[in-house]
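Beneath this line is the structure, given in structure tokens, with notes to follow.
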Amino acid sequence: MSNEHPYPPAFRSGDLVSVSGRLGVTGTGELVAGGFDAECPQAFTNLDAALRSVGASRADVVKVVAYLTDIADRPGLNAVYEGFFAEPRPARTCVGVASLPYGAVVEVEALARVRDV
């Protein structure tokens with residue numbers, strides 16, 4: 001698996017930040033072992049890193065879209081989401097999909113507005 005992509009992990013335009021889909025991968029681009037229970041928290045850790053790379057934080061997030069290859073993992077996603085974001089939590093959409101890159105089972109993307117601009 002390649003860690004090289006033709007797009008940035010996050011893109012900032014003024015106060016708007018869009019985070020590309022984040023998978024549960026390590027810094028070398030390998031999926032973490034353990035399926036959903038390992039991948040989901042790692043995907044949110046990677047989301048956090050992408051936000052920080054453009055001067056944003058999870059507190060700036062206004063919308064998250066999560067993609068699951070098994071919609072039965074939604075309760076687990078909810079648990080990770082609740083632990084990751086403080087109240088008030090951002091809006092969220094959860095979509096069941098047939099497959100994700102590299103055989104991942106969860107992917108998250110986000111939209112943020114940096115309020116200090």
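Please note that chains go A, B, ... in the order of the structure tokens, that every chain numbers its residues from 1, and that ligands are numbered from 1 in the order shown.
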**Message:** Which residues are close to Leu111 of chain A, i.e. within 12 Å by only C-alpha atoms, leaving aside same-chain residues fewer than 3 positions away? Reply as number ranges by chain.
**Reply:** A: 10-13, 15-21, 47, 50-51, 56-66, 90-93, 108, 114
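Contact shell of Glu82 of chain A at 12 Å (only C-alpha atoms; same-chain neighbours under 5 positions omitted): Pro41, Phe44, Pro75, Gly76, Leu77, Glu87, Pro88, Arg89, Pro90, Ala91 and Arg92 of chain A.
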For those residues, write N, CA, C and O atoms to a file as a compact mmCIF listing (two decimals), in the first residue's frame.
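Wrote it out as selection.txt, contents follow:
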# COMPACT_ATOMS: atom_id res chain seq x y z
N PRO A 41 -10.86 4.01 16.08
CA PRO A 41 -10.13 5.02 16.85
C PRO A 41 -8.92 5.58 16.11
O PRO A 41 -8.61 6.77 16.21
N PHE A 44 -9.95 8.28 13.66
CA PHE A 44 -10.19 9.56 14.33
C PHE A 44 -8.88 10.20 14.79
O PHE A 44 -8.75 11.43 14.76
N PRO A 75 -23.04 1.42 16.18
CA PRO A 75 -22.94 1.69 17.62
C PRO A 75 -21.49 1.89 18.07
O PRO A 75 -21.21 2.74 18.92
N GLY A 76 -20.57 1.13 17.51
CA GLY A 76 -19.16 1.31 17.85
C GLY A 76 -18.64 2.66 17.37
O GLY A 76 -17.85 3.32 18.06
N LEU A 77 -19.07 3.07 16.18
CA LEU A 77 -18.73 4.39 15.67
C LEU A 77 -19.26 5.47 16.61
O LEU A 77 -18.54 6.41 16.96
N GLU A 87 -19.08 18.08 23.80
CA GLU A 87 -20.35 18.76 23.53
C GLU A 87 -20.09 20.24 23.25
O GLU A 87 -19.21 20.82 23.90
N PRO A 88 -20.80 20.87 22.36
CA PRO A 88 -21.76 20.25 21.44
C PRO A 88 -21.01 19.57 20.30
O PRO A 88 -20.09 20.15 19.71
N ARG A 89 -21.39 18.35 20.02
CA ARG A 89 -20.73 17.59 18.95
C ARG A 89 -21.19 18.09 17.58
O ARG A 89 -22.31 18.56 17.42
N PRO A 90 -20.31 17.93 16.58
CA PRO A 90 -20.68 18.34 15.22
C PRO A 90 -21.73 17.41 14.62
O PRO A 90 -21.93 16.29 15.09
N ALA A 91 -22.39 17.89 13.58
CA ALA A 91 -23.32 17.06 12.83
C ALA A 91 -22.56 15.88 12.24
O ALA A 91 -21.35 15.96 12.03
N ARG A 92 -23.28 14.77 12.01
CA ARG A 92 -22.61 13.59 11.47
C ARG A 92 -23.54 12.82 10.56
O ARG A 92 -24.74 12.70 10.82
**Request:** From a DSSP pass on the backbone, collect the residues of chain A flagged as alpha helix (DSSP H) and hand them back as a ChimeraX atom specification.
**Result:** /A:36-53,74-84
**Asked** Between A:Val25, A:Leu31, A:Ala98, A:Val54, which has the minimum distance to Pro9 of chain A (counting only C-alpha atoms)?
**Response**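 Counting only C-alpha atoms, the residue closest to Pro9 of chain A is A:Val54.
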**Request:** Measuring atom to atom with only C-alpha atoms, identify which of A:Val105, A:Glu4, A:Ser99, A:Cys94 is nearest to Thr28 of chain A.
**Result:**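 Nearest to Thr28 of chain A: A:Glu4.
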List every residue of chain A that DSSP, applied to the backbone of this structure, assigns to strand (DSSP E), and report them as a PDB file with N, CA, C and O atoms, in the first residue's frame.
ATOM      1  N   ALA A  10      -5.602  17.439   4.437  1.00  0.00           N
ATOM      2  CA  ALA A  10      -6.556  18.502   4.746  1.00  0.00           C
ATOM      3  C   ALA A  10      -6.220  19.719   3.898  1.00  0.00           C
ATOM      4  O   ALA A  10      -5.065  19.930   3.527  1.00  0.00           O
ATOM      5  N   PHE A  11      -7.238  20.507   3.618  1.00  0.00           N
ATOM      6  CA  PHE A  11      -7.058  21.711   2.812  1.00  0.00           C
ATOM      7  C   PHE A  11      -7.775  22.854   3.512  1.00  0.00           C
ATOM      8  O   PHE A  11      -8.928  22.709   3.912  1.00  0.00           O
ATOM      9  N   ARG A  12      -7.065  23.963   3.666  1.00  0.00           N
ATOM     10  CA  ARG A  12      -7.657  25.129   4.324  1.00  0.00           C
ATOM     11  C   ARG A  12      -7.763  26.279   3.336  1.00  0.00           C
ATOM     12  O   ARG A  12      -6.813  26.597   2.626  1.00  0.00           O
ATOM     13  N   SER A  13      -8.928  26.908   3.312  1.00  0.00           N
ATOM     14  CA  SER A  13      -9.181  28.097   2.512  1.00  0.00           C
ATOM     15  C   SER A  13      -9.844  29.111   3.436  1.00  0.00           C
ATOM     16  O   SER A  13     -11.026  28.969   3.766  1.00  0.00           O
ATOM     17  N   LEU A  16     -12.266  27.959   6.374  1.00  0.00           N
ATOM     18  CA  LEU A  16     -12.864  26.667   6.037  1.00  0.00           C
ATOM     19  C   LEU A  16     -11.790  25.597   5.869  1.00  0.00           C
ATOM     20  O   LEU A  16     -10.788  25.816   5.189  1.00  0.00           O
ATOM     21  N   VAL A  17     -12.011  24.441   6.497  1.00  0.00           N
ATOM     22  CA  VAL A  17     -11.086  23.313   6.401  1.00  0.00           C
ATOM     23  C   VAL A  17     -11.861  22.086   5.959  1.00  0.00           C
ATOM     24  O   VAL A  17     -12.889  21.746   6.549  1.00  0.00           O
ATOM     25  N   SER A  18     -11.361  21.425   4.946  1.00  0.00           N
ATOM     26  CA  SER A  18     -11.936  20.158   4.498  1.00  0.00           C
ATOM     27  C   SER A  18     -10.877  19.083   4.706  1.00  0.00           C
ATOM     28  O   SER A  18      -9.745  19.223   4.245  1.00  0.00           O
ATOM     29  N   VAL A  19     -11.252  18.020   5.424  1.00  0.00           N
ATOM     30  CA  VAL A  19     -10.328  16.920   5.684  1.00  0.00           C
ATOM     31  C   VAL A  19     -10.697  15.750   4.780  1.00  0.00           C
ATOM     32  O   VAL A  19     -11.840  15.283   4.784  1.00  0.00           O
ATOM     33  N   SER A  20      -9.729  15.300   4.001  1.00  0.00           N
ATOM     34  CA  SER A  20      -9.918  14.127   3.149  1.00  0.00           C
ATOM     35  C   SER A  20     -10.202  12.904   4.013  1.00  0.00           C
ATOM     36  O   SER A  20      -9.832  12.859   5.190  1.00  0.00           O
ATOM     37  N   GLY A  21     -10.831  11.896   3.428  1.00  0.00           N
ATOM     38  CA  GLY A  21     -11.147  10.682   4.163  1.00  0.00           C
ATOM     39  C   GLY A  21      -9.931  10.102   4.861  1.00  0.00           C
ATOM     40  O   GLY A  21      -8.869   9.952   4.258  1.00  0.00           O
ATOM     41  N   ARG A  22     -10.091   9.803   6.141  1.00  0.00           N
ATOM     42  CA  ARG A  22      -9.021   9.242   6.955  1.00  0.00           C
ATOM     43  C   ARG A  22      -9.368   7.803   7.305  1.00  0.00           C
ATOM     44  O   ARG A  22     -10.466   7.514   7.773  1.00  0.00           O
ATOM     45  N   LEU A  23      -8.425   6.932   7.061  1.00  0.00           N
ATOM     46  CA  LEU A  23      -8.577   5.513   7.364  1.00  0.00           C
ATOM     47  C   LEU A  23      -7.858   5.191   8.671  1.00  0.00           C
ATOM     48  O   LEU A  23      -7.076   5.999   9.178  1.00  0.00           O
ATOM     49  N   VAL A  61     -14.543  21.389  14.165  1.00  0.00           N
ATOM     50  CA  VAL A  61     -15.304  20.539  13.236  1.00  0.00           C
ATOM     51  C   VAL A  61     -16.800  20.821  13.353  1.00  0.00           C
ATOM     52  O   VAL A  61     -17.358  20.867  14.450  1.00  0.00           O
ATOM     53  N   VAL A  62     -17.445  21.000  12.189  1.00  0.00           N
ATOM     54  CA  VAL A  62     -18.885  21.243  12.159  1.00  0.00           C
ATOM     55  C   VAL A  62     -19.656  20.079  11.529  1.00  0.00           C
ATOM     56  O   VAL A  62     -20.867  19.954  11.728  1.00  0.00           O
ATOM     57  N   LYS A  63     -18.968  19.222  10.772  1.00  0.00           N
ATOM     58  CA  LYS A  63     -19.637  18.116  10.097  1.00  0.00           C
ATOM     59  C   LYS A  63     -18.652  16.979   9.878  1.00  0.00           C
ATOM     60  O   LYS A  63     -17.509  17.199   9.486  1.00  0.00           O
ATOM     61  N   VAL A  64     -19.110  15.753  10.135  1.00  0.00           N
ATOM     62  CA  VAL A  64     -18.328  14.550   9.896  1.00  0.00           C
ATOM     63  C   VAL A  64     -19.158  13.612   9.038  1.00  0.00           C
ATOM     64  O   VAL A  64     -20.374  13.473   9.241  1.00  0.00           O
ATOM     65  N   VAL A  65     -18.510  12.957   8.087  1.00  0.00           N
ATOM     66  CA  VAL A  65     -19.144  11.882   7.330  1.00  0.00           C
ATOM     67  C   VAL A  65     -18.311  10.633   7.587  1.00  0.00           C
ATOM     68  O   VAL A  65     -17.089  10.650   7.428  1.00  0.00           O
ATOM     69  N   ALA A  66     -18.987   9.576   8.019  1.00  0.00           N
ATOM     70  CA  ALA A  66     -18.326   8.298   8.286  1.00  0.00           C
ATOM     71  C   ALA A  66     -18.851   7.261   7.303  1.00  0.00           C
ATOM     72  O   ALA A  66     -20.055   7.189   7.055  1.00  0.00           O
ATOM     73  N   TYR A  67     -17.950   6.470   6.762  1.00  0.00           N
ATOM     74  CA  TYR A  67     -18.292   5.400   5.832  1.00  0.00           C
ATOM     75  C   TYR A  67     -17.949   4.073   6.497  1.00  0.00           C
ATOM     76  O   TYR A  67     -16.836   3.890   6.961  1.00  0.00           O
ATOM     77  N   LEU A  68     -18.897   3.167   6.534  1.00  0.00           N
ATOM     78  CA  LEU A  68     -18.706   1.855   7.153  1.00  0.00           C
ATOM     79  C   LEU A  68     -19.004   0.759   6.140  1.00  0.00           C
ATOM     80  O   LEU A  68     -20.012   0.828   5.438  1.00  0.00           O
ATOM     81  N   ALA A  91     -22.386  17.891  13.579  1.00  0.00           N
ATOM     82  CA  ALA A  91     -23.322  17.062  12.830  1.00  0.00           C
ATOM     83  C   ALA A  91     -22.562  15.878  12.237  1.00  0.00           C
ATOM     84  O   ALA A  91     -21.347  15.955  12.026  1.00  0.00           O
ATOM     85  N   ARG A  92     -23.279  14.769  12.011  1.00  0.00           N
ATOM     86  CA  ARG A  92     -22.609  13.593  11.471  1.00  0.00           C
ATOM     87  C   ARG A  92     -23.544  12.816  10.560  1.00  0.00           C
ATOM     88  O   ARG A  92     -24.735  12.702  10.824  1.00  0.00           O
ATOM     89  N   THR A  93     -22.980  12.285   9.508  1.00  0.00           N
ATOM     90  CA  THR A  93     -23.676  11.373   8.612  1.00  0.00           C
ATOM     91  C   THR A  93     -22.912  10.059   8.617  1.00  0.00           C
ATOM     92  O   THR A  93     -21.681  10.057   8.643  1.00  0.00           O
ATOM     93  N   CYS A  94     -23.633   8.947   8.591  1.00  0.00           N
ATOM     94  CA  CYS A  94     -23.022   7.628   8.541  1.00  0.00           C
ATOM     95  C   CYS A  94     -23.577   6.907   7.320  1.00  0.00           C
ATOM     96  O   CYS A  94     -24.796   6.796   7.167  1.00  0.00           O
ATOM     97  N   VAL A  95     -22.694   6.427   6.471  1.00  0.00           N
ATOM     98  CA  VAL A  95     -23.087   5.802   5.213  1.00  0.00           C
ATOM     99  C   VAL A  95     -22.519   4.387   5.136  1.00  0.00           C
ATOM    100  O   VAL A  95     -21.328   4.189   5.386  1.00  0.00           O
ATOM    101  N   GLY A  96     -23.348   3.428   4.797  1.00  0.00           N
ATOM    102  CA  GLY A  96     -22.882   2.069   4.549  1.00  0.00           C
ATOM    103  C   GLY A  96     -22.388   1.971   3.118  1.00  0.00           C
ATOM    104  O   GLY A  96     -23.068   2.419   2.191  1.00  0.00           O
ATOM    105  N   VAL A 106     -13.641   1.308   7.914  1.00  0.00           N
ATOM    106  CA  VAL A 106     -14.181   2.607   8.302  1.00  0.00           C
ATOM    107  C   VAL A 106     -13.311   3.714   7.727  1.00  0.00           C
ATOM    108  O   VAL A 106     -12.095   3.581   7.629  1.00  0.00           O
ATOM    109  N   GLU A 107     -13.963   4.790   7.318  1.00  0.00           N
ATOM    110  CA  GLU A 107     -13.284   5.985   6.828  1.00  0.00           C
ATOM    111  C   GLU A 107     -14.071   7.189   7.319  1.00  0.00           C
ATOM    112  O   GLU A 107     -15.296   7.167   7.320  1.00  0.00           O
ATOM    113  N   VAL A 108     -13.371   8.239   7.755  1.00  0.00           N
ATOM    114  CA  VAL A 108     -14.042   9.450   8.221  1.00  0.00           C
ATOM    115  C   VAL A 108     -13.461  10.665   7.514  1.00  0.00           C
ATOM    116  O   VAL A 108     -12.258  10.741   7.242  1.00  0.00           O
ATOM    117  N   GLU A 109     -14.337  11.601   7.207  1.00  0.00           N
ATOM    118  CA  GLU A 109     -13.926  12.877   6.639  1.00  0.00           C
ATOM    119  C   GLU A 109     -14.625  13.969   7.438  1.00  0.00           C
ATOM    120  O   GLU A 109     -15.592  13.686   8.154  1.00  0.00           O
ATOM    121  N   ALA A 110     -14.132  15.193   7.331  1.00  0.00           N
ATOM    122  CA  ALA A 110     -14.721  16.264   8.135  1.00  0.00           C
ATOM    123  C   ALA A 110     -14.647  17.602   7.421  1.00  0.00           C
ATOM    124  O   ALA A 110     -13.816  17.828   6.547  1.00  0.00           O
ATOM    125  N   LEU A 111     -15.524  18.482   7.874  1.00  0.00           N
ATOM    126  CA  LEU A 111     -15.538  19.885   7.461  1.00  0.00           C
ATOM    127  C   LEU A 111     -15.437  20.693   8.748  1.00  0.00           C
ATOM    128  O   LEU A 111     -16.128  20.408   9.732  1.00  0.00           O
ATOM    129  N   ALA A 112     -14.551  21.682   8.751  1.00  0.00           N
ATOM    130  CA  ALA A 112     -14.351  22.496   9.937  1.00  0.00           C
ATOM    131  C   ALA A 112     -14.331  23.970   9.564  1.00  0.00           C
ATOM    132  O   ALA A 112     -14.074  24.331   8.424  1.00  0.00           O
ATOM    133  N   ARG A 113     -14.611  24.789  10.566  1.00  0.00           N
ATOM    134  CA  ARG A 113     -14.505  26.242  10.414  1.00  0.00           C
ATOM    135  C   ARG A 113     -13.621  26.728  11.558  1.00  0.00           C
ATOM    136  O   ARG A 113     -13.969  26.570  12.724  1.00  0.00           O
TER     137      ARG A 113
END
